[in-house]
Amino acid sequence: MSFEAVVQATGLGKSYATCARPSDRLVQMLREGLARLAGGWPQAPSSTEFHALRDISLHIARGETVGIIGRNGSGKSTLLQLLCGTLQATTGRVEVRGRVAALLELGSGFHPEFSGRENVFLNAAVLGLSRQQTAERFDAIAAFADIGEFMDRPLKSYSSGMAMRLAFSVIAHVDADILIIDEALSVGDAFFTQKCMRYLRSFMKTGTVVFVSHDIEAVKALCSRVIWLDAGAVRRDGATKAVCQDYLDALLANGGGTASSRAAAMDGLNSPAAPDPLPPSDPRQDEWRRRSLCNDIRVFSFDSGQAGPGAGGCTIRSVVLRGGQGDEIPWIVGGETVRLEVDVECHTTLRSPIVGFMVKDRTGQALFGDNTWLSYLDGPVAADRGQRLQAAFVFDMPRLPAGDYTMVVAVADGTQQENVMHHWLHDALRFRSESSNVANGLVGIPMRRVTLENADGGRGGGP
């Protein structure tokens with residue numbers, strides 16, 4: 001990463017005059033017009049000022065990925081609009097070096113009466129492409145958006161997710177130096193969100209990203225630095241983990257309790273393990289099944305027609321989740337034991353095949369997974385051309401927060417450190433957690449035992 005500044009803001013401020021009555025605003029506008037003619041700028045007595053941003057100074061270097069976080073009304077979107085030039089600052093100045101592509105809000109830069117095709121040319125022109133350049137890239141933009149016949153329908157007929165697909169597809173093909181994204185990735189399906197995240201991670205190797213989101217886990221996954229805005233001012237600017245933790249602590253403190261009191265309440269977690277045998281599964285599982293707390297996870301079937309990158313020495317023919325009775329299951333309850341089976345057809349000899357999987361959330365954050373390498377380190381299971389391999393993983397499904405998830409499945413030949421990737425499927429299986437009993441964190445881990453005891457033998461003050 002270069003230390004050359006591509007975004008530089010000094011003393012940036014944005015304020016708006018607010019009036020008690022609509023008629024006061026009309027008087028205000030007339031007075032401002034007369035004041036300009038007279039060379040002054042008097043403030044009408046009937047108005048007050050709302051300061052959306054106050055004295056913002058920041059420096060973003062080429063190649064940085066910077067997150068902007070803060071509560072609603074903290075000034076995040078206003079700051080991005082100032083960086084993009086769609087708003088003018090009241091005070092201070094901002095310099096941006098390079099071509100900027102922004103996804104500020106759904107449909108921004110688009111005309112609702114125009115078709116998707118017409119909006120692609122319109123938006124690309126706004127972002128600096130000539131009509132010929134857009135025409136040369138149109139097929140790639142359409143393929144990335146993947147909205148089919150809707151490309152020639154009016155934008156007003158689109159869902160919010162389709163509008164986001166089209167908007168992101170355009171900014172991904174304009175050769176931008178700086179990407180500015182405001183919360184838009186929270187709209188749309190998990191498949192396209194992960195496609196966007198893969199593009200962003202590729203872009204981040206050379207470009208600069210400014211990313212606004214309320215999804216703190218997405219900010220942690222993408223950003224190397226975070227700026228926390230509070231009431232229009234920078235409250236903290238620093239390393240992602242530290243700033244996000246302080247922000248979450250502040251939110252929790254406003255809702256009751258402090259970071260220190262929470263830490264004190266957790267002091268007793270590292271108690272000695274009980275000497276008696278552990279139960280085979282989480283003892284709360286039966287209780288969850290009887291209550292609304294049940295973590296229902298819907299499993300969508302494997303699509304055998306999907307393609308995937310790789311050297312082509314084999315093809316993943318099926319990916320199936322089975323329950324305790326060996327049947328393919330369309331639903332899982334978080335905490336249940338499941339068996340994942342991956343069936344592979346070999347097109348060439350694989351001397352030391354490795355089959356693995358990884359479950360990711362909607363932003364592409366890796367949650368959990370494993371592969372066969374370590375289990376067969378001393379005795380690889382080779383396969384010749386035309387033979388089939390079947391890998392199986394038996395595990396307790398973690399409890400998942402409500403949302404969409406995908407499973408990556410891949411087959412390589414070699415070692416964990418050096419191998420040839422033969423087939424990789426980004427979206428081999430898709431899950432949807434319809435309800436959840438996960439209190440916090442990315443996943444809930446099935447517990448073998450949970451206990452709470454009064455160490456002094458008393459009952460305390462409760463009933």
# chains A, B, ... in the order shown; residues from 1 in each chain; ligands from 1

$ residues_around --residues "Val174 in chain A" --least-positions-apart "3" --cutoff "9 Å" --atoms "only C-alpha atoms" --output "JSON, numbers by chain"
{"A": [99, 101, 124, 127, 128, 129, 133, 134, 137, 170, 171]}

$ write_last_selection --atoms "N, CA and C atoms" --output "PDB file, in the first residue's frame"
ATOM      1  N   ARG A  99     -10.271   8.432 -10.358  1.00  0.00           N
ATOM      2  CA  ARG A  99     -11.672   8.223 -10.755  1.00  0.00           C
ATOM      3  C   ARG A  99     -12.435   7.549  -9.621  1.00  0.00           C
ATOM      4  N   ALA A 101     -15.915   5.764  -8.233  1.00  0.00           N
ATOM      5  CA  ALA A 101     -17.180   5.085  -8.536  1.00  0.00           C
ATOM      6  C   ALA A 101     -17.903   4.881  -7.216  1.00  0.00           C
ATOM      7  N   ALA A 124     -22.669   4.904 -16.621  1.00  0.00           N
ATOM      8  CA  ALA A 124     -21.263   4.796 -17.011  1.00  0.00           C
ATOM      9  C   ALA A 124     -20.744   6.130 -17.543  1.00  0.00           C
ATOM     10  N   LEU A 127     -19.870   8.312 -14.734  1.00  0.00           N
ATOM     11  CA  LEU A 127     -18.641   7.854 -14.095  1.00  0.00           C
ATOM     12  C   LEU A 127     -17.412   8.006 -15.001  1.00  0.00           C
ATOM     13  N   GLY A 128     -17.607   8.571 -16.200  1.00  0.00           N
ATOM     14  CA  GLY A 128     -16.454   8.932 -17.002  1.00  0.00           C
ATOM     15  C   GLY A 128     -16.155   8.072 -18.200  1.00  0.00           C
ATOM     16  N   LEU A 129     -17.018   7.103 -18.533  1.00  0.00           N
ATOM     17  CA  LEU A 129     -16.777   6.263 -19.708  1.00  0.00           C
ATOM     18  C   LEU A 129     -17.451   6.865 -20.938  1.00  0.00           C
ATOM     19  N   GLN A 133     -16.690   2.961 -24.988  1.00  0.00           N
ATOM     20  CA  GLN A 133     -16.113   2.161 -23.904  1.00  0.00           C
ATOM     21  C   GLN A 133     -17.205   1.357 -23.200  1.00  0.00           C
ATOM     22  N   THR A 134     -18.357   1.980 -22.973  1.00  0.00           N
ATOM     23  CA  THR A 134     -19.458   1.263 -22.317  1.00  0.00           C
ATOM     24  C   THR A 134     -19.961   0.128 -23.190  1.00  0.00           C
ATOM     25  N   ARG A 137     -17.883  -2.900 -22.948  1.00  0.00           N
ATOM     26  CA  ARG A 137     -17.950  -3.593 -21.658  1.00  0.00           C
ATOM     27  C   ARG A 137     -19.358  -4.057 -21.300  1.00  0.00           C
ATOM     28  N   VAL A 170     -22.116  -1.916 -12.790  1.00  0.00           N
ATOM     29  CA  VAL A 170     -21.552  -0.780 -13.521  1.00  0.00           C
ATOM     30  C   VAL A 170     -20.264  -0.301 -12.852  1.00  0.00           C
ATOM     31  N   ILE A 171     -20.302  -0.087 -11.531  1.00  0.00           N
ATOM     32  CA  ILE A 171     -19.099   0.455 -10.875  1.00  0.00           C
ATOM     33  C   ILE A 171     -17.948  -0.548 -10.903  1.00  0.00           C
TER      34      ILE A 171
END

$ select_by_dssp --residues "range 95-199 of chain A" --states "helix (DSSP H, G or I)" --output "NGL selection string"
:A and (116-126 or 131-145 or 148-152 or 155-157 or 160-171 or 184-186 or 190-199)

$ residues_around --residues "Gly11 in chain A" --least-positions-apart "2" --cutoff "7 Å" --atoms "only C-alpha atoms" --output "ChimeraX atom specification"
/A:9,13,55-57,91-93

$ select_by_dssp --residues "range 88-210 of chain A" --states "strand (DSSP E or B)" --output "PDB file with C-alpha atoms, in the first residue's frame"
ATOM      1  CA  THR A  91     -16.727  24.720   5.571  1.00  0.00           C
ATOM      2  CA  GLY A  92     -13.357  23.164   4.839  1.00  0.00           C
ATOM      3  CA  ARG A  93     -12.195  21.438   1.692  1.00  0.00           C
ATOM      4  CA  VAL A  94     -11.813  17.946   0.262  1.00  0.00           C
ATOM      5  CA  GLU A  95      -9.440  16.679  -2.429  1.00  0.00           C
ATOM      6  CA  VAL A  96      -9.941  13.365  -4.246  1.00  0.00           C
ATOM      7  CA  VAL A 100     -14.375   7.647  -8.151  1.00  0.00           C
ATOM      8  CA  ALA A 101     -17.180   5.085  -8.536  1.00  0.00           C
ATOM      9  CA  ALA A 102     -19.839   5.349  -5.860  1.00  0.00           C
ATOM     10  CA  LEU A 103     -22.766   3.216  -4.769  1.00  0.00           C
ATOM     11  CA  SER A 115     -34.443   0.436 -19.131  1.00  0.00           C
ATOM     12  CA  PRO A 154     -37.789  -0.061 -17.036  1.00  0.00           C
ATOM     13  CA  ILE A 178     -11.618   4.631  -5.619  1.00  0.00           C
ATOM     14  CA  LEU A 179     -14.812   2.753  -4.719  1.00  0.00           C
ATOM     15  CA  ILE A 180     -17.251   4.346  -2.276  1.00  0.00           C
ATOM     16  CA  ILE A 181     -20.016   2.054  -1.036  1.00  0.00           C
ATOM     17  CA  ASP A 182     -22.781   3.064   1.367  1.00  0.00           C
ATOM     18  CA  THR A 208      -8.912   2.260  -2.548  1.00  0.00           C
ATOM     19  CA  VAL A 209     -12.258   1.451  -0.896  1.00  0.00           C
ATOM     20  CA  VAL A 210     -14.387   3.546   1.460  1.00  0.00           C
TER      21      VAL A 210
END

$ closest_atom_pairs --of "range 405-430 of chain A" --to "range 311-317 of chain A" --cutoff "8 Å" --atoms "only C-alpha atoms" --output "JSON lines"
{"residue": "A:Ala410", "atom": "CA", "partner": "A:Ile316", "partner_atom": "CA", "distance": 7.9}
{"residue": "A:Val411", "atom": "CA", "partner": "A:Cys314", "partner_atom": "CA", "distance": 7.7}
{"residue": "A:Val420", "atom": "CA", "partner": "A:Ala311", "partner_atom": "CA", "distance": 7.2}
{"residue": "A:Met421", "atom": "CA", "partner": "A:Ala311", "partner_atom": "CA", "distance": 6.1}
{"residue": "A:His422", "atom": "CA", "partner": "A:Ala311", "partner_atom": "CA", "distance": 4.4}
{"residue": "A:His423", "atom": "CA", "partner": "A:Thr315", "partner_atom": "CA", "distance": 6.1}

$ atom_distance --atom1 "CA of Ala412 in chain A" --atom2 "CA of Asp378 in chain A"
16.9 Å

$ atom_distance --atom1 "CA of Gly67 in chain A" --atom2 "CA of Asp230 in chain A"
14.0 Å

$ atom_distance --atom1 "CA of Ala307 in chain A" --atom2 "CA of Thr349 in chain A"
20.9 Å

$ residues_around --residues "range 355-369 of chain A" --least-positions-apart "3" --cutoff "10 Å" --atoms "only C-alpha atoms" --output "PyMOL selection string"
chain A and resi 185-186+188-198+215+217-222+316+340+342-344+372-373+389-393+397-398+400-401+403-413+423-432+442-443
